[in-house]
Every structure is written in structure tokens, then in C-alpha cells.
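Q: A single structure is presented below for examination.
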Amino acid sequence: ALQADPFLTSASGARALGLMRLYKTEESLDLHNSILWMEPGNARILSARNMLLNYLSGQDRQAVFEAHKEFGTHFPTDEFQVFFNPPEPEKKLRVGFVSPDLRHHSVAFFLKPILANLDPERVQTILYHGHHIEDATSAELRSLAGKWTNLNGIDDNLAAEIIRKDAPDILIDLAGHSAMNRLPLFAKNLAPVQMTYLGYPNTTGLPAIGYRLVDEMTDPTGEADALATEKLLRFSPCAWAYEPPKDAPAPSMPEAGAPITFGSFNNFLKVSVETLSAWAQLLERLPGSRLLIKSPYLEDSEVLASVREKLSAAGIATDRVELLGFFASPAEHLAAYSRVDVALDTFPYNGTTTTCEALWMGVPVVSLIGDRHASRVGLSLLSAVGHADWATENTEAYIEKATALSHDGALRQSLRSSLREDLAKSILSDHLGHAACFETALRLAWREWCTNQG
């Protein structure tokens with residue numbers, strides 16, 4: 001298609017996505033920027049570009065913030081929307097959630113404990129799904145909501161009409177700039193209060209979204225506020241509530257005599273050049289140790305070749321690395337942790353679901369703390385389970401911590417049986433308390449709107 005028409009942006013966009021699937025992030029970013037030169041207001045390309053900026057190391061955070069604000073300039077807020085929602089501070093709130101991920105997806109896993117524990121006398125929920133797939137997880141979420149609507153394939157104008165008829169008091173985006181988001185909908189000012197939460201590790205840059213739900217560790221007061229177009233609501237000691245899969249196997253140790261194995265089950269998009277450099281130094285420090293990497297698309301030969309090329313460029317011998325692709329069974333996926341001694345977090349974009357899963361399977365996680373939300377998630381999660389010391393301040397400390405854990409077999413044996421209990425007793429598993437904090441944040445924002453109507 002591009003040979004026929006080099007300026008066909010839809011084909012260039014598809015190629016840019018293909019480069020992402022091959023984990024060629026820098027090339028994909030260059031192509032996204034080229035498309036934006038031709039079509040500056042393309043919402044999908046702007047979002048994909050912003051998403052990519054979170055993965056790449058060496059990105060100035062102020063420049064990343066400006067890129068996100070650029071998105072907002074193309075979608076100015078509809079200032080003339082009139083709301084007929086009664087400004088009653090203590091009324092039962094109608095709260096809508098917009099996401100393409102109300103299915104078997106990490107966002108759904110973290111959303112479910114909230115929906116299941118909100119006070120039905122104080123909050124009525126409406127779910128707006130944006131994906132053609134509706135699965136068993138969708139059905140479960142649907143059963144927890146007051147209303148369910150699938151907006152997949154419905155254009156923004158018609159979708160806006162549907163949402164306005166429902167008259168939500170609060171509308172919450174759960175996707176940010178991730179794939180298949182509906183951020184332009186929020187520019188239409190569809191509810192008195194609009195928020196973003198959970199599905200994206202950065203600001204939306206959209207002036208119409210007034211609040212972003214975070215915690216103090218991911219977004220320290222003062223410093224982080226200057227890098228968000230939204231007002232940051234630090235609503236809970238930890239921004240996530242985790243519910244492990246019901247069919248998760250019991251934690252088990254690697255086979256006796258097996259070489260020390262470091263593992264990363266994060267999406268390989270998060271494996272930056274700096275991450276690979278740290279892993280190369282770690283493997284060099286521990287001769288005989290191995291690396292187990294599990295990520296989507298690694299079952300594809302072209303993707304495998306691309307990843308092996310990256311490993312070689314970083315100085316990691318491919319015979320010391322095992323690459324695994326997608327497992328359809330969550331139980332099989334979690335069982336693979338029985339082969340891992342120490343899990344290695346990625347940076348500057350930390351894992352979230354993968355960190356929780358590793359801890360649930362009794363595997364310690366070493367993380368590196370950065371200067372923005374995406375690289376402070378590990379600190380928040382590890383602090384929540386009482387292991388903040390595994391979140392390190394620099395690359396050398398990251399390597400030292402992973403080395404120390406690999407040398408202490410007795411500690412790892414103990415952790416294999418105790419980490420699940422640490423997580424179960426933590427605020428991550430206090431679903432009722434987390435939902436109460438979430439509800440309090442909603443009420444705070446709603447009262448603020450009511451006050452401004454006076």
C-alpha cells in the first residue's frame with residue numbers, strides 16, 4: 001500500500017504498529033512522528049506516540065509532558081455543555097467507566113475488586129466497553145454493574161449521545177493513551193466530573209479530564225503535580241487492588257540443582273536498552289546464571305529474531321536466555337514462575353500485573369525507582385507488601401539486590417511460602433478498604449463540583 005501511496009497514513013499507522021509488535025520501539029516512534037508531520041491531529045497516532053514515550057529510556061519528562069499536552073490542543077474542551085445533574089453533594093452517584101479492556105485484561109483484574117465492593121446505596125455504576133470481544137470476564141464485570149453498553153464501532157458523536165442520555169455524574173477513563181482508547185469522547189465534556197485511572201501511567205494531556213487517581217509513591221506531591229494536566233487525587237496508600245486468579249497454582253521452587261534463573265514476564269516493549277544493559281551486567285556477575293523472558297508474540301519467528309538481535313546488541317549471549325511466548329491458560333502462565341529464582345522489573349516502565357503475579361507465586365521482585373509514575377509503580381507495590389527494600393535507587397543497587405537475593409537460597413525458600421501471605425495481608429488485598437478510598441475520592445470531586453455550581 002505504501003509503495004502505491006507513500007502518504008497513506010492508515011498504512012503507515014499499520015506499519016508503525018507492526019514495528020511495535022516486533023519490539024522495534026525507536027523505529028516505531030520515528031514513524032509515528034513522520035505520520036504526525038503529515039496529519040498532526042490524528043488522535044490514534046498521537047496516542048500511540050505518547051504511549052511509546054513511556055517505554056523508551058532517556059526521554060526528558062518535561063518533553064514527554066509537552067507531547068501529552070499537544071494531544072489536548074487538538075481536542076479542546078466543549079465548554080458549552082449544560083448538565084442537568086442535581087448538584088446535591090450526598091446524592092447517590094452515577095459513575096461511568098469507559099474502557100476497551102473490560103475483558104480478560106489487566107485493567108479488568110484491578111477494576112473488579114472495586115466494582116464488587118462499592119456501596120450500592122451510594123454508587124450506581126455504568127460500564128462502557130470498547131472492544132469487539134466480550135468474554136467470561138466481561139460477563140463477570142457486567143454482573144457487578146448497573147448498566148452495560150458496548151461502544152465498539154460506534155463513532156464519537158453517537159457514543160456521546162448514548163452517554164449523555166445516561167447522565168453520569170462522574171465519567172472515568174480507564175485507558176489513557178493505550179490502544180483503542182476513547183479520549184476524544186471526553187473532550188466533549190460528557191459528565192460534570194471526568195477522571196482518568198488505572199490503564200495508563202501518565203497524564204492524558206486533555207483539559208476536559210479534571211482528575212487523575214494515583215498514590216503518593218507513584219506521584220509525589222509537588223513534583224508530580226507539575227507534570228499532569230489533571231488534579232492528582234492520591235486516594236489510597238497504594239493505587240491498586242489486586243485479585244489473583246482463582247486457579248493460581250501453589251508456589252513452588254525451581255528444581256534442585258537448576259542454575260540461578262532471573263525472570264521477566266513483562267511485555268517486552270518495556271525492556272529498554274538500559275534494562276538490557278543492567279541484565280547483561282547481572283549475568284556477567286553471576287556466571288552460569290540464566291534469564292527467562294516471557295512476553296506476547298515471542299511465539300512468532302520474526303519477533304523472536306528481533307528480540308535475539310536486541311539481546312545480542314546488549315552483550316547477552318542468547319544461549320543463556322530462554323524465550324517464551326503467550327500461554328492461553330493463566331494457571332500455566334503462573335506455573336512458569338516455578339522456574340524463576342528472582343524476578344527482574346523493567347525500567348523506565350515498571351510492571352504492575354507481572355509484579356503482583358510474581359509476588360503471589362512467591363518470587364521476589366527487584367525494581368528500579370525512577371522520576372515519573374511509570375517508573376515508581378514497583379516502589380508502590382513492593383512497599384505495599386512490606387518489601388520496599390527491593391525497590392532500588394540506581395542501576396548498581398538494582399544489580400546488587402538481585403545478586404544478593406540469588407545468593408541467599410534459604411531466604412528465597414522462605415519467601416516462596418511467605419510472599420503470598422504478605423500480599424494477602426497487604427492493602428493490595430484489602431478490597432473493601434480500597435473501594436472505600438476510591439468512593440471517598442469520587443465523593444470529594446463531586447462535592448467540589450457541587451460547590452462550584454453555587
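Residue numbering restarts at 1 for every chain of the C-alpha cells, chains are lettered A, B, ... in their displayed order, and ligands are numbered from 1 as they appear.
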Counting only C-alpha atoms, which residues of stretch 223-283 of chain A fall within 10 Å of stretch 377-393 of chain A, and what is the closest atom pair for each with its distance in Å at one decimal, ordered by chain and rising number, as CSV?

A:
residue,atom,partner,partner_atom,distance
A:Pro237,CA,A:Ala384,CA,7.8
A:Cys238,CA,A:Ser380,CA,6.1
A:Ala239,CA,A:Ser380,CA,8.1
A:Trp240,CA,A:Leu381,CA,8.2

Q: Do you know which residues are at most 9 Å from A:Pro184 counting only C-alpha atoms, after dropping those on the same chain fewer than 5 positions away, and could you put them as number ranges by chain?

A: A: 43, 75, 156, 206

Q: Could you give me, as an mmCIF file with N, CA, C and O atoms, in the first residue's frame, each residue of stretch 319-433 of chain A that DSSP assigns to strand (DSSP E or B) when run on this structure's backbone?

A:
data_model
loop_
_atom_site.group_PDB
_atom_site.id
_atom_site.type_symbol
_atom_site.label_atom_id
_atom_site.label_comp_id
_atom_site.auth_asym_id
_atom_site.auth_seq_id
_atom_site.Cartn_x
_atom_site.Cartn_y
_atom_site.Cartn_z
ATOM 1 N N VAL A 321 19.674 -17.405 27.501
ATOM 2 C CA VAL A 321 18.323 -16.853 27.586
ATOM 3 C C VAL A 321 17.320 -17.836 26.998
ATOM 4 O O VAL A 321 17.544 -18.410 25.928
ATOM 5 N N GLU A 322 16.215 -18.015 27.700
ATOM 6 C CA GLU A 322 15.086 -18.777 27.158
ATOM 7 C C GLU A 322 13.939 -17.816 26.933
ATOM 8 O O GLU A 322 13.612 -17.007 27.806
ATOM 9 N N LEU A 323 13.329 -17.902 25.758
ATOM 10 C CA LEU A 323 12.239 -17.007 25.388
ATOM 11 C C LEU A 323 10.940 -17.793 25.265
ATOM 12 O O LEU A 323 10.866 -18.786 24.549
ATOM 13 N N LEU A 324 9.920 -17.328 25.991
ATOM 14 C CA LEU A 324 8.610 -17.975 25.960
ATOM 15 C C LEU A 324 7.565 -16.974 25.486
ATOM 16 O O LEU A 324 7.608 -15.793 25.825
ATOM 17 N N VAL A 342 14.523 -15.128 40.883
ATOM 18 C CA VAL A 342 14.335 -13.701 41.163
ATOM 19 C C VAL A 342 13.724 -13.049 39.923
ATOM 20 O O VAL A 342 14.223 -13.242 38.805
ATOM 21 N N ALA A 343 12.651 -12.280 40.135
ATOM 22 C CA ALA A 343 12.026 -11.562 39.021
ATOM 23 C C ALA A 343 12.663 -10.185 38.876
ATOM 24 O O ALA A 343 12.926 -9.503 39.874
ATOM 25 N N LEU A 344 12.914 -9.791 37.650
ATOM 26 C CA LEU A 344 13.543 -8.503 37.359
ATOM 27 C C LEU A 344 12.517 -7.558 36.729
ATOM 28 O O LEU A 344 11.965 -7.850 35.661
ATOM 29 N N VAL A 365 10.813 -9.637 43.707
ATOM 30 C CA VAL A 365 10.914 -8.765 42.535
ATOM 31 C C VAL A 365 11.864 -7.616 42.844
ATOM 32 O O VAL A 365 11.696 -6.922 43.852
ATOM 33 N N VAL A 366 12.846 -7.404 41.976
ATOM 34 C CA VAL A 366 13.766 -6.277 42.126
ATOM 35 C C VAL A 366 13.368 -5.198 41.123
ATOM 36 O O VAL A 366 13.211 -5.472 39.929
ATOM 37 N N SER A 367 13.171 -3.976 41.628
ATOM 38 C CA SER A 367 12.707 -2.880 40.789
ATOM 39 C C SER A 367 13.672 -1.706 40.880
ATOM 40 O O SER A 367 14.469 -1.613 41.821
ATOM 41 N N LEU A 368 13.590 -0.810 39.912
ATOM 42 C CA LEU A 368 14.422 0.393 39.906
ATOM 43 C C LEU A 368 13.510 1.613 39.931
ATOM 44 O O LEU A 368 12.622 1.759 39.090
ATOM 45 N N ALA A 391 13.022 -2.220 46.027
ATOM 46 C CA ALA A 391 12.952 -1.110 45.073
ATOM 47 C C ALA A 391 14.222 -0.281 45.247
ATOM 48 O O ALA A 391 14.459 0.292 46.309
ATOM 49 N N THR A 392 15.060 -0.239 44.235
ATOM 50 C CA THR A 392 16.408 0.314 44.351
ATOM 51 C C THR A 392 16.521 1.691 43.698
ATOM 52 O O THR A 392 15.745 2.039 42.815
#

Q: List every residue of stretch 183-387 of chain A that DSSP, applied to the backbone, labels as helix (DSSP H, G or I), and write the result as a ChimeraX atom specification.

A: /A:183-186,225-227,268-270,273-285,301-313,318-320,330-339,353-360,373-375,377-384

Q: Counting only C-alpha atoms, what are the residues of stretch 176-225 of chain A within 6 Å of stretch 77-96 of chain A, and for each of them which pair of atoms is the nearest and at what distance in Å, to one decimal? Sort the table by chain and rising number, as a Markdown table.

A:
| residue | atom | partner | partner_atom | distance |
| --- | --- | --- | --- | --- |
| A:Ala187 | CA | A:Thr77 | CA | 4.8 |
| A:Lys188 | CA | A:Asp78 | CA | 5.1 |
| A:Asn189 | CA | A:Asp78 | CA | 5.8 |
| A:Ala208 | CA | A:Thr77 | CA | 5.2 |

Q: For all heavy atoms, I'd like the residues from the last selection saved as a JSON list (two decimals), in the first residue's frame.

A:
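As a result, result_6.json now contains:
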[["chain", "number", "residue", "atom", "x", "y", "z"],
["A", 187, "ALA", "N", -13.33, 14.90, 25.56],
["A", 187, "ALA", "CA", -13.24, 16.32, 25.20],
["A", 187, "ALA", "C", -14.62, 16.93, 24.98],
["A", 187, "ALA", "O", -14.79, 18.15, 25.05],
["A", 187, "ALA", "CB", -12.39, 16.48, 23.94],
["A", 188, "LYS", "N", -15.62, 16.08, 24.76],
["A", 188, "LYS", "CA", -16.99, 16.55, 24.58],
["A", 188, "LYS", "C", -17.68, 16.88, 25.90],
["A", 188, "LYS", "O", -18.84, 17.27, 25.92],
["A", 188, "LYS", "CB", -17.79, 15.50, 23.79],
["A", 188, "LYS", "CG", -17.28, 15.27, 22.38],
["A", 188, "LYS", "CD", -18.08, 14.20, 21.67],
["A", 188, "LYS", "CE", -17.57, 13.96, 20.25],
["A", 188, "LYS", "NZ", -17.81, 15.12, 19.37],
["A", 189, "ASN", "N", -16.95, 16.72, 27.00],
["A", 189, "ASN", "CA", -17.48, 17.09, 28.32],
["A", 189, "ASN", "C", -18.81, 16.38, 28.59],
["A", 189, "ASN", "O", -19.87, 16.98, 28.64],
["A", 189, "ASN", "CB", -17.68, 18.61, 28.40],
["A", 189, "ASN", "CG", -16.95, 19.21, 29.59],
["A", 189, "ASN", "OD1", -16.20, 18.52, 30.28],
["A", 189, "ASN", "ND2", -17.15, 20.48, 29.82],
["A", 208, "ALA", "N", -10.21, 18.51, 29.48],
["A", 208, "ALA", "CA", -11.56, 18.14, 29.90],
["A", 208, "ALA", "C", -11.57, 17.11, 31.02],
["A", 208, "ALA", "O", -12.59, 16.92, 31.70],
["A", 208, "ALA", "CB", -12.35, 17.59, 28.71]]

Q: Hey, which of A:Asp219, A:Asp119, A:Glu255, A:Asp169 ends up closest to A:Gly433? Count only C-alpha atoms.

A: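 Once distances to A:Gly433 are computed over only C-alpha atoms, the minimum belongs to A:Asp119.
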
Q: Which polymer residues have any atom within 6 Å of an atom of stretch 124-137 of chain A, counting only C-alpha atoms, with same-chain residues fewer than 5 positions away left out, as an mmCIF file with C-alpha atoms, in the first residue's frame?

A:
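Output file around32.cif follows:
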data_model
loop_
_atom_site.group_PDB
_atom_site.id
_atom_site.type_symbol
_atom_site.label_atom_id
_atom_site.label_comp_id
_atom_site.auth_asym_id
_atom_site.auth_seq_id
_atom_site.Cartn_x
_atom_site.Cartn_y
_atom_site.Cartn_z
ATOM 1 C CA ARG A 94 -23.980 7.615 38.799
ATOM 2 C CA VAL A 95 -20.449 6.647 37.813
ATOM 3 C CA GLY A 96 -19.494 5.575 34.290
ATOM 4 C CA PHE A 97 -16.297 3.737 33.315
ATOM 5 C CA VAL A 98 -15.007 3.843 29.717
ATOM 6 C CA SER A 99 -12.512 1.213 28.598
ATOM 7 C CA PRO A 100 -11.709 -1.199 25.752
ATOM 8 C CA LEU A 102 -13.462 -4.833 30.177
ATOM 9 C CA ARG A 103 -12.474 -8.398 29.269
ATOM 10 C CA HIS A 104 -9.608 -10.774 30.121
ATOM 11 C CA ALA A 145 -22.612 -3.029 37.102
ATOM 12 C CA GLY A 146 -25.950 -1.276 36.992
ATOM 13 C CA LYS A 147 -25.745 -0.969 33.205
ATOM 14 C CA TRP A 148 -23.501 -2.236 30.387
ATOM 15 C CA THR A 149 -23.091 -0.731 26.912
ATOM 16 C CA ASN A 150 -20.617 -1.779 24.225
ATOM 17 C CA LEU A 151 -19.426 1.264 22.238
ATOM 18 C CA ASN A 152 -17.203 -0.712 19.860
#

Q: At what distance in Å, to one decimal, does atom CA of A:Ser375 lie from atom CA of A:Thr346?

A: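 If I compute the distance from atom CA of A:Thr346 to atom CA of A:Ser375, I get 8.5 Å.
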
Q: Quick one: residues within 8 Å of A:Pro296, only C-alpha atoms counted, chain neighbours fewer than 2 positions away excluded, as a ChimeraX atom specification?

A: /A:267-268,294,298-299,325-326

Q: Kindly export the residues of the current selection with all heavy atoms, as a PDB file, in the first residue's frame.

A:
ATOM      1  N   ASN A 267       5.679  -7.359  29.277  1.00  0.00           N
ATOM      2  CA  ASN A 267       5.651  -7.105  27.847  1.00  0.00           C
ATOM      3  C   ASN A 267       7.029  -6.598  27.424  1.00  0.00           C
ATOM      4  O   ASN A 267       7.567  -5.659  28.023  1.00  0.00           O
ATOM      5  CB  ASN A 267       4.579  -6.043  27.552  1.00  0.00           C
ATOM      6  CG  ASN A 267       4.356  -5.828  26.069  1.00  0.00           C
ATOM      7  OD1 ASN A 267       5.272  -5.912  25.262  1.00  0.00           O
ATOM      8  ND2 ASN A 267       3.114  -5.544  25.713  1.00  0.00           N
ATOM      9  N   PHE A 268       7.608  -7.197  26.410  1.00  0.00           N
ATOM     10  CA  PHE A 268       8.985  -6.868  26.034  1.00  0.00           C
ATOM     11  C   PHE A 268       9.121  -5.419  25.551  1.00  0.00           C
ATOM     12  O   PHE A 268      10.234  -4.889  25.478  1.00  0.00           O
ATOM     13  CB  PHE A 268       9.505  -7.831  24.963  1.00  0.00           C
ATOM     14  CG  PHE A 268      11.011  -7.855  24.864  1.00  0.00           C
ATOM     15  CD1 PHE A 268      11.766  -8.618  25.742  1.00  0.00           C
ATOM     16  CD2 PHE A 268      11.662  -7.093  23.907  1.00  0.00           C
ATOM     17  CE1 PHE A 268      13.165  -8.623  25.669  1.00  0.00           C
ATOM     18  CE2 PHE A 268      13.053  -7.105  23.810  1.00  0.00           C
ATOM     19  CZ  PHE A 268      13.808  -7.861  24.705  1.00  0.00           C
ATOM     20  N   LYS A 294       9.464 -13.975  29.169  1.00  0.00           N
ATOM     21  CA  LYS A 294       8.168 -14.415  28.652  1.00  0.00           C
ATOM     22  C   LYS A 294       7.380 -13.165  28.259  1.00  0.00           C
ATOM     23  O   LYS A 294       7.228 -12.241  29.049  1.00  0.00           O
ATOM     24  CB  LYS A 294       7.415 -15.205  29.723  1.00  0.00           C
ATOM     25  CG  LYS A 294       6.087 -15.770  29.256  1.00  0.00           C
ATOM     26  CD  LYS A 294       5.424 -16.592  30.361  1.00  0.00           C
ATOM     27  CE  LYS A 294       4.120 -17.178  29.867  1.00  0.00           C
ATOM     28  NZ  LYS A 294       3.128 -16.150  29.465  1.00  0.00           N
ATOM     29  N   LEU A 298       6.243 -13.706  21.288  1.00  0.00           N
ATOM     30  CA  LEU A 298       7.529 -14.393  21.172  1.00  0.00           C
ATOM     31  C   LEU A 298       7.382 -15.781  20.545  1.00  0.00           C
ATOM     32  O   LEU A 298       8.374 -16.453  20.281  1.00  0.00           O
ATOM     33  CB  LEU A 298       8.214 -14.503  22.530  1.00  0.00           C
ATOM     34  CG  LEU A 298       8.775 -13.188  23.097  1.00  0.00           C
ATOM     35  CD1 LEU A 298       9.472 -13.423  24.425  1.00  0.00           C
ATOM     36  CD2 LEU A 298       9.749 -12.547  22.113  1.00  0.00           C
ATOM     37  N   GLU A 299       6.151 -16.201  20.309  1.00  0.00           N
ATOM     38  CA  GLU A 299       5.946 -17.457  19.583  1.00  0.00           C
ATOM     39  C   GLU A 299       6.116 -17.244  18.075  1.00  0.00           C
ATOM     40  O   GLU A 299       6.126 -18.205  17.310  1.00  0.00           O
ATOM     41  CB  GLU A 299       4.559 -18.038  19.895  1.00  0.00           C
ATOM     42  CG  GLU A 299       3.381 -17.146  19.555  1.00  0.00           C
ATOM     43  CD  GLU A 299       3.033 -16.131  20.639  1.00  0.00           C
ATOM     44  OE1 GLU A 299       3.773 -16.019  21.642  1.00  0.00           O
ATOM     45  OE2 GLU A 299       2.023 -15.432  20.475  1.00  0.00           O
ATOM     46  N   GLY A 325       6.592 -17.461  24.716  1.00  0.00           N
ATOM     47  CA  GLY A 325       5.520 -16.604  24.224  1.00  0.00           C
ATOM     48  C   GLY A 325       4.276 -16.687  25.085  1.00  0.00           C
ATOM     49  O   GLY A 325       4.318 -16.997  26.279  1.00  0.00           O
ATOM     50  N   PHE A 326       3.143 -16.433  24.471  1.00  0.00           N
ATOM     51  CA  PHE A 326       1.859 -16.349  25.173  1.00  0.00           C
ATOM     52  C   PHE A 326       1.357 -17.725  25.593  1.00  0.00           C
ATOM     53  O   PHE A 326       1.430 -18.688  24.823  1.00  0.00           O
ATOM     54  CB  PHE A 326       0.836 -15.685  24.240  1.00  0.00           C
ATOM     55  CG  PHE A 326      -0.563 -15.641  24.790  1.00  0.00           C
ATOM     56  CD1 PHE A 326      -0.879 -14.767  25.809  1.00  0.00           C
ATOM     57  CD2 PHE A 326      -1.542 -16.476  24.281  1.00  0.00           C
ATOM     58  CE1 PHE A 326      -2.174 -14.710  26.311  1.00  0.00           C
ATOM     59  CE2 PHE A 326      -2.842 -16.432  24.768  1.00  0.00           C
ATOM     60  CZ  PHE A 326      -3.152 -15.548  25.789  1.00  0.00           C
TER      61      PHE A 326
END

Q: Which residue out of A:Leu359, A:Val64, A:Ala445, A:Cys437 has the minimum interatomic distance to A:Asp215 when only C-alpha atoms are used?

A: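 Of all the options, A:Cys437 lies closest to A:Asp215.
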
Q: Could you state the separation of atom CA of A:Val273 and atom CA of A:Ala336 in Å, given to one decimal place?

A: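 One can read the atom CA of A:Val273 to atom CA of A:Ala336 distance as 25.0 Å.
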
Q: Looking at only C-alpha atoms, which of A:Asn350, A:Gln453, A:Ser329, A:Ser138 is the one that sits closest to A:Ser272?

A: A:Asn350

Q: Ranking A:Trp37, A:Tyr55, A:Phe110, A:Phe262 by minimum distance to A:Lys24 and counting only C-alpha atoms, which one comes first?

A: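 Among the listed residues, the smallest separation from A:Lys24 belongs to A:Tyr55.
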
Q: When you look at A:His68 with a cut-off of 12 Å (counting only C-alpha atoms), what residues show up, excluding the ones that are within fewer than 4 positions of it in the same chain? I need them as an NGL selection string.

A: :A and (43 or 46-54 or 61-64 or 72-75 or 176-177 or 201-207 or 227-230)

Q: Now that the selection is made, can you save its residues with C-alpha atoms as a PDB file, in the first residue's frame?

A:
ATOM      1  CA  ALA A  43      -5.881  11.052  17.533  1.00  0.00           C
ATOM      2  CA  LEU A  46      -0.933  10.932  18.769  1.00  0.00           C
ATOM      3  CA  SER A  47      -1.993   8.435  21.439  1.00  0.00           C
ATOM      4  CA  ALA A  48       0.287   5.685  20.100  1.00  0.00           C
ATOM      5  CA  ARG A  49       3.207   8.142  20.030  1.00  0.00           C
ATOM      6  CA  ASN A  50       2.503   9.208  23.624  1.00  0.00           C
ATOM      7  CA  MET A  51       2.249   5.592  24.725  1.00  0.00           C
ATOM      8  CA  LEU A  52       5.610   4.806  23.133  1.00  0.00           C
ATOM      9  CA  LEU A  53       7.281   7.661  25.006  1.00  0.00           C
ATOM     10  CA  ASN A  54       6.616   5.823  28.284  1.00  0.00           C
ATOM     11  CA  ARG A  61       9.945  14.013  31.412  1.00  0.00           C
ATOM     12  CA  GLN A  62       9.110  17.658  30.642  1.00  0.00           C
ATOM     13  CA  ALA A  63       9.297  16.907  26.913  1.00  0.00           C
ATOM     14  CA  VAL A  64       7.039  13.880  27.428  1.00  0.00           C
ATOM     15  CA  GLY A  72      -5.146  18.298  24.275  1.00  0.00           C
ATOM     16  CA  THR A  73      -4.644  21.164  21.834  1.00  0.00           C
ATOM     17  CA  HIS A  74      -6.253  19.077  19.090  1.00  0.00           C
ATOM     18  CA  PHE A  75      -9.260  18.233  21.277  1.00  0.00           C
ATOM     19  CA  GLY A 176      -5.429   6.901  28.780  1.00  0.00           C
ATOM     20  CA  HIS A 177      -3.411   6.747  25.561  1.00  0.00           C
ATOM     21  CA  PRO A 201       0.888   5.541  33.602  1.00  0.00           C
ATOM     22  CA  ASN A 202       0.860   9.224  32.695  1.00  0.00           C
ATOM     23  CA  THR A 203      -1.263  12.322  32.253  1.00  0.00           C
ATOM     24  CA  THR A 204      -3.787  12.362  29.401  1.00  0.00           C
ATOM     25  CA  GLY A 205      -2.992  15.965  28.496  1.00  0.00           C
ATOM     26  CA  LEU A 206      -6.724  16.502  27.975  1.00  0.00           C
ATOM     27  CA  PRO A 207      -8.054  19.630  29.769  1.00  0.00           C
ATOM     28  CA  LEU A 227       3.647  17.142  35.149  1.00  0.00           C
ATOM     29  CA  ALA A 228      -0.105  16.490  34.957  1.00  0.00           C
ATOM     30  CA  THR A 229      -2.909  18.425  33.314  1.00  0.00           C
ATOM     31  CA  GLU A 230      -5.303  16.772  35.781  1.00  0.00           C
TER      32      GLU A 230
END

Q: Restricting the calculation to only C-alpha atoms: of A:Ile172, A:Val307, A:Ala108, A:Val193, which residue gets closest to A:Arg142?

A: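 Smallest separation from A:Arg142 among the options: A:Ala108.
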
Q: Any idea what the distance is between atom CA of A:Leu415 and atom CA of A:Trp279?

A: 22.4 Å

Q: With only C-alpha atoms as the basis for distance, which of A:His434, A:Arg212, A:Arg285, A:Arg372 is at the shortest distance from A:Leu198?

A: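 Looking only at the distances to A:Leu198, the closest residue turns out to be A:Arg212.
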